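What's in target-v2.txt: compact mmCIF, N, CA and C atoms
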# COMPACT_ATOMS: atom_id res chain seq x y z
N MET A 1 272.61 110.34 199.42
CA MET A 1 273.76 109.68 200.03
C MET A 1 275.05 110.39 199.63
N MET A 2 275.07 111.65 199.79
CA MET A 2 276.26 112.40 199.39
C MET A 2 277.38 112.23 200.41
N GLY A 3 278.58 112.24 199.91
CA GLY A 3 279.74 112.21 200.77
C GLY A 3 280.10 110.86 201.35
N LEU A 4 279.74 109.77 200.69
CA LEU A 4 280.05 108.44 201.22
C LEU A 4 281.54 108.25 201.41
N PHE A 5 282.33 108.67 200.46
CA PHE A 5 283.77 108.51 200.57
C PHE A 5 284.35 109.36 201.69
N ASN A 6 283.79 110.53 201.90
CA ASN A 6 284.30 111.44 202.92
C ASN A 6 284.02 110.96 204.34
N ARG A 7 283.05 110.05 204.51
CA ARG A 7 282.69 109.57 205.85
C ARG A 7 283.74 108.66 206.46
N LYS A 8 284.64 108.09 205.68
CA LYS A 8 285.56 107.09 206.19
C LYS A 8 286.96 107.66 206.45
N LYS A 9 287.03 108.84 206.94
CA LYS A 9 288.33 109.46 207.20
C LYS A 9 289.08 108.83 208.35
N ASP A 10 288.39 108.06 209.22
CA ASP A 10 289.05 107.51 210.39
C ASP A 10 289.88 106.26 210.10
N ILE A 11 289.79 105.72 208.89
CA ILE A 11 290.59 104.54 208.56
C ILE A 11 291.33 104.79 207.26
N GLU A 12 292.52 104.35 207.21
CA GLU A 12 293.32 104.47 206.00
C GLU A 12 293.99 103.13 205.77
N ILE A 13 293.63 102.45 204.69
CA ILE A 13 294.27 101.21 204.33
C ILE A 13 295.49 101.59 203.50
N PRO A 14 296.69 101.31 203.99
CA PRO A 14 297.88 101.77 203.30
C PRO A 14 298.05 101.11 201.94
N ASN A 15 298.65 101.84 201.02
CA ASN A 15 298.93 101.33 199.68
C ASN A 15 300.27 100.61 199.71
N GLU A 16 300.34 99.56 200.50
CA GLU A 16 301.55 98.77 200.64
C GLU A 16 301.16 97.35 201.02
N SER A 17 302.10 96.48 201.18
CA SER A 17 301.78 95.09 201.45
C SER A 17 301.35 94.88 202.90
N SER A 18 300.96 93.66 203.21
CA SER A 18 300.58 93.24 204.56
C SER A 18 299.31 93.93 205.05
N TYR A 19 298.24 93.73 204.33
CA TYR A 19 296.95 94.28 204.73
C TYR A 19 296.43 93.54 205.94
N ASP A 20 295.70 94.22 206.76
CA ASP A 20 295.05 93.60 207.89
C ASP A 20 293.62 93.25 207.46
N ILE A 21 293.41 92.00 207.14
CA ILE A 21 292.13 91.55 206.62
C ILE A 21 291.01 91.84 207.62
N GLU A 22 291.27 91.59 208.89
CA GLU A 22 290.24 91.82 209.91
C GLU A 22 289.84 93.30 210.01
N VAL A 23 290.80 94.21 209.86
CA VAL A 23 290.49 95.64 209.88
C VAL A 23 289.58 95.99 208.71
N CYS A 24 289.89 95.45 207.54
CA CYS A 24 289.06 95.72 206.36
C CYS A 24 287.65 95.17 206.55
N LEU A 25 287.54 93.96 207.09
CA LEU A 25 286.23 93.36 207.29
C LEU A 25 285.39 94.17 208.28
N LYS A 26 285.98 94.57 209.38
CA LYS A 26 285.25 95.38 210.37
C LYS A 26 284.79 96.70 209.76
N GLU A 27 285.64 97.31 208.97
CA GLU A 27 285.28 98.59 208.36
C GLU A 27 284.18 98.40 207.32
N ALA A 28 284.23 97.33 206.55
CA ALA A 28 283.18 97.06 205.56
C ALA A 28 281.82 96.90 206.25
N LEU A 29 281.81 96.13 207.34
CA LEU A 29 280.56 95.91 208.07
C LEU A 29 280.05 97.22 208.67
N LYS A 30 280.96 98.03 209.19
CA LYS A 30 280.58 99.30 209.80
C LYS A 30 280.01 100.27 208.76
N LEU A 31 280.70 100.42 207.63
CA LEU A 31 280.23 101.34 206.59
C LEU A 31 278.88 100.89 206.03
N ALA A 32 278.72 99.60 205.82
CA ALA A 32 277.44 99.09 205.33
C ALA A 32 276.33 99.33 206.34
N SER A 33 276.62 99.07 207.60
CA SER A 33 275.63 99.25 208.66
C SER A 33 275.17 100.71 208.73
N GLU A 34 276.09 101.64 208.55
CA GLU A 34 275.73 103.06 208.56
C GLU A 34 274.75 103.40 207.44
N MET A 35 274.77 102.59 206.37
CA MET A 35 273.84 102.79 205.26
C MET A 35 272.62 101.87 205.38
N ARG A 36 272.52 101.20 206.54
CA ARG A 36 271.43 100.26 206.82
C ARG A 36 271.41 99.10 205.83
N ILE A 37 272.61 98.65 205.48
CA ILE A 37 272.78 97.48 204.62
C ILE A 37 273.43 96.40 205.44
N LYS A 38 272.82 95.23 205.47
CA LYS A 38 273.31 94.13 206.29
C LYS A 38 274.24 93.24 205.48
N LEU A 39 275.49 93.19 205.91
CA LEU A 39 276.46 92.27 205.33
C LEU A 39 276.74 91.20 206.38
N ASN A 40 276.50 89.94 206.02
CA ASN A 40 276.62 88.86 207.00
C ASN A 40 277.35 87.62 206.46
N TYR A 41 278.16 87.81 205.44
CA TYR A 41 279.00 86.75 204.86
C TYR A 41 278.19 85.66 204.16
N THR A 42 276.94 85.90 203.85
CA THR A 42 276.16 84.93 203.09
C THR A 42 276.25 85.27 201.61
N ASN A 43 275.92 84.28 200.78
CA ASN A 43 275.89 84.53 199.34
C ASN A 43 274.90 85.64 199.00
N GLU A 44 273.78 85.67 199.72
CA GLU A 44 272.76 86.68 199.47
C GLU A 44 273.25 88.10 199.78
N SER A 45 274.18 88.22 200.69
CA SER A 45 274.68 89.55 201.06
C SER A 45 275.45 90.21 199.92
N VAL A 46 275.89 89.43 198.95
CA VAL A 46 276.61 90.01 197.81
C VAL A 46 275.67 90.87 196.97
N THR A 47 274.41 90.53 196.91
CA THR A 47 273.43 91.37 196.22
C THR A 47 273.35 92.73 196.91
N ARG A 48 273.33 92.72 198.24
CA ARG A 48 273.29 93.98 198.99
C ARG A 48 274.60 94.76 198.82
N LEU A 49 275.71 94.04 198.77
CA LEU A 49 277.00 94.70 198.53
C LEU A 49 276.99 95.39 197.17
N ASP A 50 276.44 94.73 196.16
CA ASP A 50 276.37 95.31 194.82
C ASP A 50 275.59 96.62 194.82
N ILE A 51 274.50 96.66 195.58
CA ILE A 51 273.69 97.88 195.71
C ILE A 51 274.48 98.97 196.42
N LEU A 52 275.18 98.59 197.47
CA LEU A 52 276.01 99.54 198.22
C LEU A 52 277.09 100.15 197.31
N LEU A 53 277.74 99.32 196.52
CA LEU A 53 278.80 99.81 195.63
C LEU A 53 278.26 100.72 194.55
N LEU A 54 277.03 100.46 194.12
CA LEU A 54 276.40 101.36 193.15
C LEU A 54 276.16 102.73 193.77
N ALA A 55 275.84 102.76 195.06
CA ALA A 55 275.68 104.04 195.76
C ALA A 55 277.01 104.79 195.81
N TYR A 56 278.12 104.06 196.01
CA TYR A 56 279.43 104.71 195.97
C TYR A 56 279.74 105.25 194.58
N TYR A 57 279.35 104.51 193.55
CA TYR A 57 279.52 104.98 192.17
C TYR A 57 278.77 106.30 191.96
N GLU A 58 277.51 106.32 192.37
CA GLU A 58 276.69 107.52 192.21
C GLU A 58 277.28 108.69 193.00
N ASP A 59 277.76 108.41 194.21
CA ASP A 59 278.36 109.45 195.03
C ASP A 59 279.61 110.02 194.36
N ALA A 60 280.43 109.15 193.77
CA ALA A 60 281.67 109.62 193.12
C ALA A 60 281.36 110.46 191.89
N LYS A 61 280.23 110.20 191.23
CA LYS A 61 279.83 111.04 190.09
C LYS A 61 279.50 112.45 190.55
N GLU A 62 278.83 112.55 191.70
CA GLU A 62 278.42 113.86 192.23
C GLU A 62 279.53 114.56 192.98
N ASN A 63 280.37 113.79 193.66
CA ASN A 63 281.44 114.33 194.50
C ASN A 63 282.75 113.62 194.15
N PRO A 64 283.42 114.05 193.08
CA PRO A 64 284.62 113.34 192.62
C PRO A 64 285.66 113.18 193.74
N VAL A 65 286.29 112.00 193.75
CA VAL A 65 287.33 111.69 194.72
C VAL A 65 288.55 111.17 193.96
N SER A 66 289.67 111.12 194.64
CA SER A 66 290.90 110.65 194.02
C SER A 66 290.85 109.15 193.76
N ILE A 67 291.65 108.68 192.84
CA ILE A 67 291.72 107.25 192.56
C ILE A 67 292.24 106.50 193.79
N GLU A 68 293.11 107.11 194.57
CA GLU A 68 293.61 106.48 195.78
C GLU A 68 292.49 106.23 196.79
N THR A 69 291.59 107.19 196.92
CA THR A 69 290.44 107.02 197.81
C THR A 69 289.55 105.89 197.31
N MET A 70 289.32 105.85 196.00
CA MET A 70 288.53 104.76 195.42
C MET A 70 289.20 103.41 195.66
N GLN A 71 290.51 103.36 195.49
CA GLN A 71 291.24 102.11 195.70
C GLN A 71 291.19 101.66 197.16
N ASN A 72 291.34 102.58 198.07
CA ASN A 72 291.27 102.23 199.49
C ASN A 72 289.88 101.70 199.86
N THR A 73 288.85 102.34 199.33
CA THR A 73 287.49 101.88 199.58
C THR A 73 287.26 100.52 198.94
N ALA A 74 287.80 100.33 197.73
CA ALA A 74 287.68 99.04 197.05
C ALA A 74 288.39 97.94 197.83
N ARG A 75 289.49 98.24 198.47
CA ARG A 75 290.18 97.24 199.29
C ARG A 75 289.28 96.77 200.44
N ILE A 76 288.63 97.71 201.08
CA ILE A 76 287.77 97.37 202.21
C ILE A 76 286.64 96.44 201.77
N PHE A 77 285.90 96.84 200.73
CA PHE A 77 284.77 96.03 200.30
C PHE A 77 285.22 94.82 199.47
N GLY A 78 286.37 94.90 198.83
CA GLY A 78 286.91 93.75 198.11
C GLY A 78 287.31 92.63 199.05
N VAL A 79 287.84 92.98 200.20
CA VAL A 79 288.17 91.97 201.20
C VAL A 79 286.88 91.32 201.70
N TYR A 80 285.83 92.11 201.90
CA TYR A 80 284.56 91.51 202.31
C TYR A 80 284.08 90.52 201.24
N LEU A 81 284.06 90.93 199.98
CA LEU A 81 283.61 90.05 198.91
C LEU A 81 284.47 88.78 198.85
N GLY A 82 285.77 88.95 198.95
CA GLY A 82 286.67 87.80 198.93
C GLY A 82 286.44 86.86 200.10
N GLU A 83 286.13 87.44 201.24
CA GLU A 83 285.90 86.61 202.42
C GLU A 83 284.60 85.82 202.29
N VAL A 84 283.59 86.39 201.65
CA VAL A 84 282.35 85.64 201.38
C VAL A 84 282.69 84.45 200.47
N ILE A 85 283.46 84.69 199.45
CA ILE A 85 283.87 83.63 198.52
C ILE A 85 284.66 82.56 199.27
N ARG A 86 285.64 82.98 200.03
CA ARG A 86 286.51 82.04 200.74
C ARG A 86 285.74 81.23 201.79
N ARG A 87 284.93 81.90 202.58
CA ARG A 87 284.23 81.23 203.68
C ARG A 87 283.15 80.26 203.19
N ASN A 88 282.52 80.57 202.07
CA ASN A 88 281.38 79.78 201.64
C ASN A 88 281.72 78.63 200.70
N TRP A 89 282.77 78.76 199.88
CA TRP A 89 283.06 77.63 199.01
C TRP A 89 284.47 77.54 198.48
N LEU A 90 285.34 78.43 198.80
CA LEU A 90 286.74 78.31 198.37
C LEU A 90 287.68 78.47 199.57
N PHE A 91 287.36 77.74 200.64
CA PHE A 91 288.10 77.88 201.90
C PHE A 91 289.57 77.53 201.77
N GLU A 92 289.96 76.81 200.71
CA GLU A 92 291.38 76.45 200.56
C GLU A 92 292.21 77.63 200.02
N TYR A 93 291.55 78.71 199.62
CA TYR A 93 292.28 79.90 199.18
C TYR A 93 292.77 80.68 200.40
N ARG A 94 293.86 81.38 200.22
CA ARG A 94 294.41 82.20 201.31
C ARG A 94 294.65 83.62 200.77
N TRP A 95 294.65 84.57 201.70
CA TRP A 95 294.92 85.96 201.32
C TRP A 95 296.42 86.15 201.09
N THR A 96 296.74 86.89 200.07
CA THR A 96 298.13 87.25 199.78
C THR A 96 298.14 88.64 199.13
N ASP A 97 299.31 89.24 199.03
CA ASP A 97 299.43 90.57 198.42
C ASP A 97 299.67 90.44 196.93
N TYR A 98 299.05 91.31 196.17
CA TYR A 98 299.20 91.36 194.73
C TYR A 98 299.66 92.75 194.38
N ASN A 99 300.81 92.86 193.77
CA ASN A 99 301.41 94.16 193.49
C ASN A 99 301.50 94.37 191.98
N VAL A 100 300.65 95.25 191.48
CA VAL A 100 300.68 95.60 190.07
C VAL A 100 300.75 97.11 189.97
N SER A 101 301.76 97.59 189.32
CA SER A 101 302.01 99.03 189.15
C SER A 101 301.82 99.75 190.48
N ASP A 102 300.95 100.74 190.52
CA ASP A 102 300.78 101.52 191.75
C ASP A 102 299.54 101.10 192.53
N TYR A 103 298.92 99.99 192.15
CA TYR A 103 297.71 99.54 192.82
C TYR A 103 297.95 98.18 193.46
N GLN A 104 298.41 98.21 194.69
CA GLN A 104 298.70 96.99 195.43
C GLN A 104 297.48 96.65 196.27
N ARG A 105 297.15 95.34 196.30
CA ARG A 105 295.93 94.94 196.98
C ARG A 105 295.98 93.48 197.39
N PRO A 106 295.12 93.10 198.35
CA PRO A 106 295.04 91.70 198.73
C PRO A 106 294.22 90.92 197.70
N VAL A 107 294.65 89.70 197.42
CA VAL A 107 293.92 88.80 196.53
C VAL A 107 293.85 87.43 197.19
N LEU A 108 292.93 86.61 196.71
CA LEU A 108 292.84 85.23 197.16
C LEU A 108 293.67 84.37 196.22
N GLU A 109 294.46 83.46 196.80
CA GLU A 109 295.35 82.64 195.99
C GLU A 109 295.28 81.18 196.43
N LYS A 110 295.35 80.31 195.46
CA LYS A 110 295.45 78.87 195.73
C LYS A 110 296.59 78.34 194.88
N ASN A 111 297.54 77.68 195.54
CA ASN A 111 298.64 77.06 194.81
C ASN A 111 298.16 75.76 194.21
N MET A 112 298.30 75.63 192.89
CA MET A 112 297.86 74.42 192.19
C MET A 112 298.96 73.36 192.19
N ASP A 113 300.19 73.80 192.00
CA ASP A 113 301.35 72.93 192.08
C ASP A 113 302.55 73.81 192.40
N GLU A 114 303.75 73.31 192.18
CA GLU A 114 304.95 74.05 192.59
C GLU A 114 305.13 75.37 191.86
N VAL A 115 304.65 75.48 190.65
CA VAL A 115 304.86 76.71 189.87
C VAL A 115 303.57 77.43 189.47
N THR A 116 302.43 76.81 189.66
CA THR A 116 301.17 77.38 189.21
C THR A 116 300.28 77.73 190.40
N SER A 117 299.72 78.92 190.34
CA SER A 117 298.73 79.30 191.34
C SER A 117 297.57 79.98 190.63
N PHE A 118 296.42 79.96 191.28
CA PHE A 118 295.23 80.59 190.74
C PHE A 118 294.87 81.75 191.66
N ILE A 119 294.60 82.91 191.08
CA ILE A 119 294.32 84.11 191.86
C ILE A 119 292.91 84.61 191.56
N ILE A 120 292.21 84.99 192.61
CA ILE A 120 290.92 85.65 192.51
C ILE A 120 291.11 87.07 193.06
N ASP A 121 290.67 88.05 192.32
CA ASP A 121 290.93 89.46 192.65
C ASP A 121 289.62 90.23 192.89
N PRO A 122 288.97 89.97 194.02
CA PRO A 122 287.69 90.65 194.28
C PRO A 122 287.82 92.16 194.45
N THR A 123 288.95 92.62 194.93
CA THR A 123 289.14 94.06 195.12
C THR A 123 289.08 94.81 193.80
N ASN A 124 289.69 94.25 192.78
CA ASN A 124 289.65 94.90 191.47
C ASN A 124 288.23 94.93 190.92
N GLU A 125 287.46 93.88 191.17
CA GLU A 125 286.06 93.86 190.72
C GLU A 125 285.23 94.90 191.44
N VAL A 126 285.48 95.08 192.72
CA VAL A 126 284.78 96.13 193.49
C VAL A 126 285.14 97.50 192.94
N LEU A 127 286.42 97.71 192.64
CA LEU A 127 286.85 98.99 192.08
C LEU A 127 286.15 99.24 190.74
N LYS A 128 286.07 98.23 189.89
CA LYS A 128 285.37 98.39 188.61
C LYS A 128 283.91 98.81 188.83
N ARG A 129 283.26 98.21 189.80
CA ARG A 129 281.86 98.55 190.09
C ARG A 129 281.74 100.02 190.50
N MET A 130 282.67 100.48 191.34
CA MET A 130 282.61 101.87 191.81
C MET A 130 282.99 102.86 190.71
N LEU A 131 283.81 102.43 189.76
CA LEU A 131 284.22 103.31 188.65
C LEU A 131 283.23 103.30 187.49
N ASN A 132 282.61 102.14 187.23
CA ASN A 132 281.80 101.97 186.03
C ASN A 132 280.30 101.85 186.28
N GLY A 133 279.90 101.66 187.52
CA GLY A 133 278.48 101.55 187.82
C GLY A 133 277.87 100.25 187.37
N ALA A 134 276.67 100.32 186.84
CA ALA A 134 275.87 99.14 186.53
C ALA A 134 276.51 98.22 185.49
N VAL A 135 277.38 98.72 184.64
CA VAL A 135 277.99 97.85 183.63
C VAL A 135 278.98 96.85 184.23
N SER A 136 279.40 97.06 185.46
CA SER A 136 280.33 96.15 186.14
C SER A 136 279.67 95.60 187.40
N SER A 137 278.97 94.51 187.25
CA SER A 137 278.24 93.92 188.37
C SER A 137 279.14 93.04 189.24
N THR A 138 279.29 93.41 190.48
CA THR A 138 280.03 92.58 191.44
C THR A 138 279.30 91.27 191.67
N TYR A 139 277.98 91.31 191.66
CA TYR A 139 277.21 90.09 191.86
C TYR A 139 277.41 89.11 190.71
N LYS A 140 277.45 89.61 189.48
CA LYS A 140 277.70 88.74 188.32
C LYS A 140 279.08 88.10 188.44
N TYR A 141 280.08 88.87 188.83
CA TYR A 141 281.43 88.33 189.05
C TYR A 141 281.38 87.22 190.11
N PHE A 142 280.69 87.49 191.20
CA PHE A 142 280.55 86.53 192.28
C PHE A 142 279.90 85.24 191.77
N ARG A 143 278.82 85.35 191.01
CA ARG A 143 278.14 84.17 190.47
C ARG A 143 279.04 83.39 189.51
N ASP A 144 279.82 84.10 188.71
CA ASP A 144 280.76 83.43 187.80
C ASP A 144 281.78 82.62 188.57
N ILE A 145 282.34 83.20 189.62
CA ILE A 145 283.31 82.48 190.46
C ILE A 145 282.62 81.30 191.12
N GLN A 146 281.42 81.50 191.64
CA GLN A 146 280.68 80.43 192.30
C GLN A 146 280.43 79.26 191.36
N ASN A 147 280.06 79.56 190.12
CA ASN A 147 279.79 78.51 189.14
C ASN A 147 281.04 77.72 188.77
N LYS A 148 282.20 78.35 188.87
CA LYS A 148 283.46 77.67 188.55
C LYS A 148 284.00 76.89 189.73
N ALA A 149 283.51 77.20 190.94
CA ALA A 149 284.04 76.56 192.16
C ALA A 149 283.61 75.11 192.26
Would you mind giving the structure from this file in structure tokens?
Amino acid sequence: MMGLFNRKKDIEIPNESSYDIEVCLKEALKLASEMRIKLNYTNESVTRLDILLLAYYEDAKENPVSIETMQNTARIFGVYLGEVIRRNWLFEYRWTDYNVSDYQRPVLEKNMDEVTSFIIDPTNEVLKRMLNGAVSSTYKYFRDIQNKA
């Protein structure tokens, strides 16, 4: 599976605010389908996503890519992971932009009261999986969030 990152040259998720969630979701489904991995917004599909992300990790070891490319890819699959979480049991969360240093990304947010909000950052978890491999399980993160929901 060499060159996974190089295959997605036709889409560029900008490193700025106002992400198009639908564009990310369509791209995630397309990239997974090309690898014959079925993503269908079910809890079970997160196991398949975890396997897909491990393939990206292995590819990056063999064919190094820039951190920006990794971040853009993480945004695509992070939005998919977040959408599975939101659609299946945290529907009251909404997408918002999270800006930290040079890595801006969409996160799920729920306002608890006037000054407190809770944020779930699936994109960062996807990035960790692609950077660290098996030691950073996206599925374990998903199960932890599910157990707290």
Checklist line | Within-6.5 Å shell of (290.2, 91.3, 203.9) in input frame, only N, CA and C atoms, as a ChimeraX atom specification | finding: /A:20-22,24-25,78-80,83
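Here the strand (DSSP E) residues in segment 84-145 of chain A, by DSSP on the backbone, are Arg94, Trp95, Thr96, Asp97, Tyr98, Asn99, Val100, Tyr103, Gln104, Arg105, Pro106, Val107, Leu108, Glu109, Lys110, Asn111, Ser117, Phe118, Ile119 and Ile120 of chain A.
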Margin query: Residues within 12 Å of segment 86-102 of chain A, please, as number ranges by chain. Count only C-alpha atoms; anything in the same chain fewer than 3 positions from it doesn't count.
Written below: A: 14-22, 40-46, 67-68, 71, 75, 78-83, 105-112, 117-124, 142-143, 145-149
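The interatomic distance for the pair atom N of Leu127 of chain A and atom C of Ala74 of chain A works out to 5.6 Å.
Using only N, CA and C atoms, the smallest distance between any of A:Glu62, A:Lys30, A:Leu49, A:Met70 and Leu131 of chain A comes from A:Met70.
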Item checked: Separation of atom CA of Val23 of chain A from atom CA of Phe77 of chain A in Å -> 11.2 Å
Item checked: Interatomic distance, atom CA of Ile85 of chain A to atom C of Tyr141 of chain A (Å, one decimal) -> 9.5 Å
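Closest approach to Ala32 of chain A from the set A:Leu52, A:Val84, A:Ala134, A:Val65 is made by A:Leu52, with distances taken over only N, CA and C atoms.
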Next item on the list: From a DSSP pass on the backbone, collect the residues of segment 37-136 of chain A flagged as alpha helix (DSSP H) and hand them back as a PyMOL selection string.
Entry: chain A and resi 45-62+67-88+122-132
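Of the listed residues (A:Arg48, A:Thr138, A:Glu125, A:Asp144), A:Arg48 comes nearest to Leu29 of chain A; the distances count only C-alpha atoms.
Taking only C-alpha atoms into account, those protein, DNA and RNA residues with any atom at most 12 Å away from (279.9, 101.9, 184.8) amount to A:Leu53, A:Leu54, A:Ala55, A:Tyr56, A:Tyr57, A:Glu58, A:Ala60, A:Lys61, A:Glu125, A:Val126, A:Leu127, A:Lys128, A:Arg129, A:Met130, A:Leu131, A:Asn132, A:Gly133, A:Ala134, A:Val135, A:Ser136, A:Ser137, A:Thr138.
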Missing atoms in segment 19-28 of chain A: fill them in up to all heavy atoms and send the result as a PDB file, in the coordinates of the input.
ATOM      1  N   TYR A  19     298.240  93.730 204.330  1.00  0.00           N
ATOM      2  CA  TYR A  19     296.950  94.280 204.730  1.00  0.00           C
ATOM      3  C   TYR A  19     296.430  93.540 205.940  1.00  0.00           C
ATOM      4  O   TYR A  19     296.653  92.354 206.095  1.00  0.00           O
ATOM      5  CB  TYR A  19     295.939  94.135 203.588  1.00  0.00           C
ATOM      6  CG  TYR A  19     296.423  94.789 202.333  1.00  0.00           C
ATOM      7  CD1 TYR A  19     297.017  94.049 201.330  1.00  0.00           C
ATOM      8  CD2 TYR A  19     296.316  96.158 202.168  1.00  0.00           C
ATOM      9  CE1 TYR A  19     297.487  94.654 200.187  1.00  0.00           C
ATOM     10  CE2 TYR A  19     296.793  96.770 201.038  1.00  0.00           C
ATOM     11  CZ  TYR A  19     297.370  96.017 200.039  1.00  0.00           C
ATOM     12  OH  TYR A  19     297.846  96.621 198.918  1.00  0.00           O
ATOM     13  N   ASP A  20     295.700  94.220 206.760  1.00  0.00           N
ATOM     14  CA  ASP A  20     295.050  93.600 207.890  1.00  0.00           C
ATOM     15  C   ASP A  20     293.620  93.250 207.460  1.00  0.00           C
ATOM     16  O   ASP A  20     292.754  94.127 207.411  1.00  0.00           O
ATOM     17  CB  ASP A  20     295.057  94.535 209.095  1.00  0.00           C
ATOM     18  CG  ASP A  20     294.530  93.867 210.347  1.00  0.00           C
ATOM     19  OD1 ASP A  20     293.728  92.920 210.238  1.00  0.00           O
ATOM     20  OD2 ASP A  20     294.924  94.301 211.430  1.00  0.00           O
ATOM     21  N   ILE A  21     293.410  92.000 207.140  1.00  0.00           N
ATOM     22  CA  ILE A  21     292.130  91.550 206.620  1.00  0.00           C
ATOM     23  C   ILE A  21     291.010  91.840 207.620  1.00  0.00           C
ATOM     24  O   ILE A  21     289.932  92.305 207.247  1.00  0.00           O
ATOM     25  CB  ILE A  21     292.194  90.044 206.265  1.00  0.00           C
ATOM     26  CG1 ILE A  21     293.234  89.789 205.170  1.00  0.00           C
ATOM     27  CG2 ILE A  21     290.824  89.512 205.856  1.00  0.00           C
ATOM     28  CD1 ILE A  21     293.051  90.568 203.894  1.00  0.00           C
ATOM     29  N   GLU A  22     291.270  91.590 208.890  1.00  0.00           N
ATOM     30  CA  GLU A  22     290.240  91.820 209.910  1.00  0.00           C
ATOM     31  C   GLU A  22     289.840  93.300 210.010  1.00  0.00           C
ATOM     32  O   GLU A  22     288.671  93.610 210.199  1.00  0.00           O
ATOM     33  CB  GLU A  22     290.698  91.302 211.275  1.00  0.00           C
ATOM     34  CG  GLU A  22     290.744  89.794 211.356  1.00  0.00           C
ATOM     35  CD  GLU A  22     289.403  89.128 211.050  1.00  0.00           C
ATOM     36  OE1 GLU A  22     288.353  89.613 211.548  1.00  0.00           O
ATOM     37  OE2 GLU A  22     289.395  88.138 210.304  1.00  0.00           O
ATOM     38  N   VAL A  23     290.800  94.210 209.860  1.00  0.00           N
ATOM     39  CA  VAL A  23     290.490  95.640 209.880  1.00  0.00           C
ATOM     40  C   VAL A  23     289.580  95.990 208.710  1.00  0.00           C
ATOM     41  O   VAL A  23     288.586  96.705 208.865  1.00  0.00           O
ATOM     42  CB  VAL A  23     291.779  96.488 209.864  1.00  0.00           C
ATOM     43  CG1 VAL A  23     291.466  97.959 209.591  1.00  0.00           C
ATOM     44  CG2 VAL A  23     292.545  96.338 211.162  1.00  0.00           C
ATOM     45  N   CYS A  24     289.890  95.450 207.540  1.00  0.00           N
ATOM     46  CA  CYS A  24     289.060  95.720 206.360  1.00  0.00           C
ATOM     47  C   CYS A  24     287.650  95.170 206.550  1.00  0.00           C
ATOM     48  O   CYS A  24     286.672  95.844 206.217  1.00  0.00           O
ATOM     49  CB  CYS A  24     289.691  95.088 205.118  1.00  0.00           C
ATOM     50  SG  CYS A  24     291.181  95.912 204.541  1.00  0.00           S
ATOM     51  N   LEU A  25     287.540  93.960 207.090  1.00  0.00           N
ATOM     52  CA  LEU A  25     286.230  93.360 207.290  1.00  0.00           C
ATOM     53  C   LEU A  25     285.390  94.170 208.280  1.00  0.00           C
ATOM     54  O   LEU A  25     284.202  94.433 208.025  1.00  0.00           O
ATOM     55  CB  LEU A  25     286.365  91.915 207.774  1.00  0.00           C
ATOM     56  CG  LEU A  25     286.929  90.936 206.750  1.00  0.00           C
ATOM     57  CD1 LEU A  25     287.198  89.585 207.400  1.00  0.00           C
ATOM     58  CD2 LEU A  25     286.005  90.802 205.550  1.00  0.00           C
ATOM     59  N   LYS A  26     285.980  94.570 209.380  1.00  0.00           N
ATOM     60  CA  LYS A  26     285.250  95.380 210.370  1.00  0.00           C
ATOM     61  C   LYS A  26     284.790  96.700 209.760  1.00  0.00           C
ATOM     62  O   LYS A  26     283.662  97.147 210.004  1.00  0.00           O
ATOM     63  CB  LYS A  26     286.126  95.633 211.596  1.00  0.00           C
ATOM     64  CG  LYS A  26     286.274  94.423 212.484  1.00  0.00           C
ATOM     65  CD  LYS A  26     287.174  94.713 213.661  1.00  0.00           C
ATOM     66  CE  LYS A  26     287.414  93.437 214.467  1.00  0.00           C
ATOM     67  NZ  LYS A  26     288.378  93.634 215.535  1.00  0.00           N
ATOM     68  N   GLU A  27     285.640  97.310 208.970  1.00  0.00           N
ATOM     69  CA  GLU A  27     285.280  98.590 208.360  1.00  0.00           C
ATOM     70  C   GLU A  27     284.180  98.400 207.320  1.00  0.00           C
ATOM     71  O   GLU A  27     283.256  99.220 207.243  1.00  0.00           O
ATOM     72  CB  GLU A  27     286.519  99.238 207.733  1.00  0.00           C
ATOM     73  CG  GLU A  27     286.283 100.644 207.242  1.00  0.00           C
ATOM     74  CD  GLU A  27     285.991 101.662 208.336  1.00  0.00           C
ATOM     75  OE1 GLU A  27     286.100 101.352 209.542  1.00  0.00           O
ATOM     76  OE2 GLU A  27     285.639 102.801 207.983  1.00  0.00           O
ATOM     77  N   ALA A  28     284.230  97.330 206.550  1.00  0.00           N
ATOM     78  CA  ALA A  28     283.180  97.060 205.560  1.00  0.00           C
ATOM     79  C   ALA A  28     281.820  96.900 206.250  1.00  0.00           C
ATOM     80  O   ALA A  28     280.823  97.477 205.816  1.00  0.00           O
ATOM     81  CB  ALA A  28     283.514  95.811 204.748  1.00  0.00           C
TER      82      ALA A  28
END
